[in-house]
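Peer 1: Can you keep this structure in mind? I'll have questions shortly.
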Amino acid sequence: MGAEAKQKDKMSGVNYTMAYDSTNLLTVNIVYDNENETAYVTIPELSDAYLYGTSEEIESWANDNVGNPMDSFSTINPSMDGGTDLFEDSSYSAAGGLDLTATSASSTPDLSALEDVDFGALFEDLATYVDTVKENAPDPTDADDFTVTQGNEKITLTTKRYVITEDDVKKVAQAVADKGKADSTLNDFFTQMGMSSDDINGFWDSLTDEATANSASDETLTLDVYYNGDEVQGLKATPSDEDEQIYFVIASDEEKMIVDCDTKMDGGNITGGGLVTMKDDVLNGSISLTSTGSQDMEFTVTFDDLTATDDTVTGKMTYSGKADDQDFNISYDFDCKGNDSSVTITGNVAGEDIGSINMTTTQTDASDIAVPSGTGYKLSDEQQLQSYIESCDVESWMNTVKGAVGDELYGQLFGTMAGSSAAYGGDDIGGDDFGGNDFSGFTTDTDGVGA
């Protein structure tokens, strides 16, 4: 499926298309006249005539009959949502395909949240906990320099060491727990890694509970804080019994970033790391994290020649890993330069392609948008609407669909209409079981001009 949208002067237009393989099955053309607040709708595969009415009439009818295409239409016509009209000439296009049979919704892990993880913000947030510890811990001493490595790359950091007693631990743990409970950035990430709200609350409570229970013991905590100049770039916290540790480093210089993590707690472990090189604004490399505990999960973000400047984003970024024992992979290909851009998103879960979509934008001189010619029927007038329906050549259209998708899929698509099949040429289109159908041939193309 797809759409082409454009806007010029006081007119807006959008064309929706649905195709199967190379055959166009359905087109819905909508023109909106902002001056008289009237929309005009044509479906050329069914009729040369058109329907017209106010945006409210079109939207109400669409909601009752075929969903709501006006939701998308309103994105290129802000006045339809009560906003301000923007009558700048521009264009937008996108294309994609979707395989509805690759995997069922019930068996597919929810990966959408991972796409929204801002790792830069997450790493910056983690670094602030070092400041919280420093503010509540005893004065440090200088320790040996620490070198973090990935492959042939390394960064050497200076070390400040804190030796903390149980009383100090109690004070620090309380400060960290108080900060953590109010930290939406870190708690959101825990949720995305599969932890429940009870798991998260229990984690923060365990910090203070354990510190209070051991306040009378003689155990100590050794805390090494790693610096690159004046900037904190990691820490390692190890109790004297060495059963657990918290260790993470996000070290960077002008040419690279090295991530290293090895955190071991009663509730589970988070381990991983990676290297991302940065040369001439081009990023290459990957960072991987593995979480074990109440829910095991693996996650990797990979950068392939990803270039980001003031007016350019090119290259590829991929999220991959395993959740709920299912492998997943979501990739983004960027080719955005100046006023022209293209982004292609593809996904794969449990070895099955779940679809792809390509979105392109370009700024052009918008062509004129005209109200359709021919016979028009008012949508809110039931008699005129009936006359429009009678003008539709449904039989020819359904024959086109049948020729494109084949007898089996055609019968399944229109199985609910079997009772009235005589009206559509007498075909036996019984059967309403949609299980296991292959819809992979359906494609969508979207082009548009919208301010």
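Here, A, B, ... name the chains of the structure tokens in the order displayed, residue numbers run from 1 inside each chain, and ligands are numbered from 1 in the same displayed order.
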Do you have, as JSON lines, the list of residues of region 336-407 of chain A lying at most 7 Å from region 16-34 of chain A, each with its nearest atom pair and that distance in Å to one decimal, counting only C-alpha atoms and ordered by chain then number?

Peer 2:
```
{"residue": "A:Val371", "atom": "CA", "partner": "A:Val31", "partner_atom": "CA", "distance": 6.5}
{"residue": "A:Val401", "atom": "CA", "partner": "A:Leu25", "partner_atom": "CA", "distance": 6.1}
{"residue": "A:Ala404", "atom": "CA", "partner": "A:Thr23", "partner_atom": "CA", "distance": 6.3}
{"residue": "A:Val405", "atom": "CA", "partner": "A:Tyr20", "partner_atom": "CA", "distance": 6.9}
```

Peer 1: Could you find all residues in region 248-317 of chain A that DSSP calls strand (DSSP E) from the backbone, and write them as a short mmCIF file (atom, residue, chain, number, x, y, z; two decimals) with C-alpha atoms, in the first residue's frame?

Peer 2:
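Final output, out-v3.cif:
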```
data_model
loop_
_atom_site.label_atom_id
_atom_site.label_comp_id
_atom_site.auth_asym_id
_atom_site.auth_seq_id
_atom_site.Cartn_x
_atom_site.Cartn_y
_atom_site.Cartn_z
CA PHE A 248 30.91 -0.43 33.01
CA VAL A 249 33.09 1.83 30.89
CA ILE A 250 32.09 4.16 28.06
CA ALA A 251 35.46 5.55 27.03
CA SER A 252 35.97 7.82 24.04
CA LYS A 256 36.65 6.01 18.77
CA MET A 257 34.31 4.93 21.54
CA ILE A 258 34.89 1.74 23.54
CA VAL A 259 32.11 0.22 25.65
CA ASP A 260 32.80 -2.51 28.19
CA CYS A 261 30.32 -3.92 30.72
CA ASP A 262 30.42 -6.82 33.21
CA THR A 263 27.80 -6.39 35.94
CA LYS A 264 26.94 -9.38 38.14
CA MET A 265 24.07 -9.16 40.61
CA GLY A 268 21.00 -11.35 36.91
CA ASN A 269 23.93 -10.22 34.83
CA ILE A 270 24.49 -7.61 32.12
CA THR A 271 27.62 -8.14 30.06
CA GLY A 272 28.94 -6.94 26.74
CA GLY A 273 30.77 -4.17 25.00
CA GLY A 274 31.94 -2.97 21.63
CA LEU A 275 33.93 -0.52 19.55
CA VAL A 276 32.67 2.31 17.38
CA THR A 277 35.21 4.23 15.32
CA MET A 278 34.63 7.85 14.37
CA LYS A 279 36.62 9.15 11.40
CA VAL A 282 31.69 8.36 9.72
CA LEU A 283 30.72 5.78 12.37
CA ASN A 284 31.58 2.08 12.08
CA GLY A 285 31.38 -0.69 14.63
CA SER A 286 28.96 -2.29 17.05
CA ILE A 287 27.95 -2.47 20.71
CA SER A 288 26.41 -5.61 22.21
CA LEU A 289 24.74 -6.24 25.55
CA THR A 290 23.48 -9.50 27.03
CA SER A 291 21.05 -9.58 29.95
CA THR A 292 20.36 -12.73 31.97
CA MET A 297 17.92 -10.98 26.15
CA GLU A 298 20.68 -10.15 23.68
CA PHE A 299 20.92 -6.81 21.93
CA THR A 300 23.37 -5.34 19.40
CA VAL A 301 23.45 -2.00 17.63
CA THR A 302 25.69 -1.86 14.55
CA PHE A 303 26.87 1.17 12.57
CA ASP A 304 27.95 0.70 8.92
CA ASP A 305 29.45 3.84 7.42
CA LEU A 306 26.85 5.94 9.25
CA THR A 307 27.58 9.58 8.49
CA ALA A 308 25.78 12.42 10.24
CA THR A 312 23.50 14.73 5.60
CA VAL A 313 22.69 11.33 7.09
CA THR A 314 23.92 8.31 5.13
CA GLY A 315 24.84 4.72 5.90
CA LYS A 316 23.20 1.93 7.84
CA MET A 317 22.24 1.23 11.44
#
```

Peer 1: So that I can check the secondary structure, give me every residue of region 338-394 of chain A assigned alpha helix (DSSP H) by backbone DSSP, as a ChimeraX atom specification.

Peer 2: /A:382-391,394

Peer 1: Could you write those residues out with N, CA and C atoms, as a PDB file, in the first residue's frame?

Peer 2:
```
ATOM      1  N   GLU A 382     -28.208  10.177   0.809  1.00  0.00           N
ATOM      2  CA  GLU A 382     -28.307   8.726   0.637  1.00  0.00           C
ATOM      3  C   GLU A 382     -28.711   8.346  -0.789  1.00  0.00           C
ATOM      4  N   GLN A 383     -29.610   9.124  -1.401  1.00  0.00           N
ATOM      5  CA  GLN A 383     -30.047   8.799  -2.753  1.00  0.00           C
ATOM      6  C   GLN A 383     -28.897   8.968  -3.748  1.00  0.00           C
ATOM      7  N   GLN A 384     -28.125  10.077  -3.587  1.00  0.00           N
ATOM      8  CA  GLN A 384     -26.985  10.284  -4.481  1.00  0.00           C
ATOM      9  C   GLN A 384     -25.900   9.236  -4.227  1.00  0.00           C
ATOM     10  N   LEU A 385     -25.715   8.857  -2.960  1.00  0.00           N
ATOM     11  CA  LEU A 385     -24.723   7.833  -2.640  1.00  0.00           C
ATOM     12  C   LEU A 385     -25.100   6.509  -3.300  1.00  0.00           C
ATOM     13  N   GLN A 386     -26.400   6.189  -3.288  1.00  0.00           N
ATOM     14  CA  GLN A 386     -26.861   4.965  -3.933  1.00  0.00           C
ATOM     15  C   GLN A 386     -26.615   5.030  -5.438  1.00  0.00           C
ATOM     16  N   SER A 387     -26.821   6.212  -6.028  1.00  0.00           N
ATOM     17  CA  SER A 387     -26.559   6.364  -7.464  1.00  0.00           C
ATOM     18  C   SER A 387     -25.073   6.159  -7.759  1.00  0.00           C
ATOM     19  N   TYR A 388     -24.204   6.637  -6.871  1.00  0.00           N
ATOM     20  CA  TYR A 388     -22.771   6.418  -7.072  1.00  0.00           C
ATOM     21  C   TYR A 388     -22.438   4.928  -7.007  1.00  0.00           C
ATOM     22  N   ILE A 389     -23.012   4.241  -6.037  1.00  0.00           N
ATOM     23  CA  ILE A 389     -22.760   2.808  -5.883  1.00  0.00           C
ATOM     24  C   ILE A 389     -23.190   2.054  -7.137  1.00  0.00           C
ATOM     25  N   GLU A 390     -24.334   2.462  -7.707  1.00  0.00           N
ATOM     26  CA  GLU A 390     -24.821   1.803  -8.916  1.00  0.00           C
ATOM     27  C   GLU A 390     -23.909   2.064 -10.104  1.00  0.00           C
ATOM     28  N   SER A 391     -23.147   3.158 -10.063  1.00  0.00           N
ATOM     29  CA  SER A 391     -22.228   3.465 -11.171  1.00  0.00           C
ATOM     30  C   SER A 391     -20.934   2.663 -11.086  1.00  0.00           C
ATOM     31  N   VAL A 394     -18.282  -3.195  -9.965  1.00  0.00           N
ATOM     32  CA  VAL A 394     -17.658  -4.044  -8.954  1.00  0.00           C
ATOM     33  C   VAL A 394     -17.203  -5.367  -9.554  1.00  0.00           C
TER      34      VAL A 394
END
```

Peer 1: What is the CA of Glu56 (chain A) to CA of Leu379 (chain A) distance in Å?

Peer 2: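 These atoms are spaced 10.7 Å apart.
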
Peer 1: Just the number, please: distance in Å from CA of Lys171 (chain A) to CA of Glu219 (chain A), one decimal.

Peer 2: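 Rounded to one decimal, the two atoms are 14.7 Å apart.
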
Peer 1: Which is closest to Gly13 (chain A) among A:Ile369, A:Val133, A:Ala177, A:Met195, if we use only C-alpha atoms?

Peer 2: A:Ile369

Peer 1: For each of A:Gly180, A:Gly411, A:Gly347, A:Pro239, take the minimum atom-to-atom distance to Trp204 (chain A), counting only C-alpha atoms, then give the residue where this is smallest.

Peer 2: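 The answer is A:Gly180, which sits nearest to Trp204 (chain A).
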
Peer 1: When you count only C-alpha atoms, which of these residues is closest to Phe190 (chain A): A:Leu122, A:Val130, A:Met398, A:Leu46?

Peer 2: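 Selected residue with least distance to Phe190 (chain A): A:Leu122.
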
Peer 1: Hey, can you check how far CA of Asp281 (chain A) sits from CA of Thr309 (chain A)?

Peer 2: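 Computing the Euclidean distance for CA of Asp281 (chain A) and CA of Thr309 (chain A) yields 7.0 Å.
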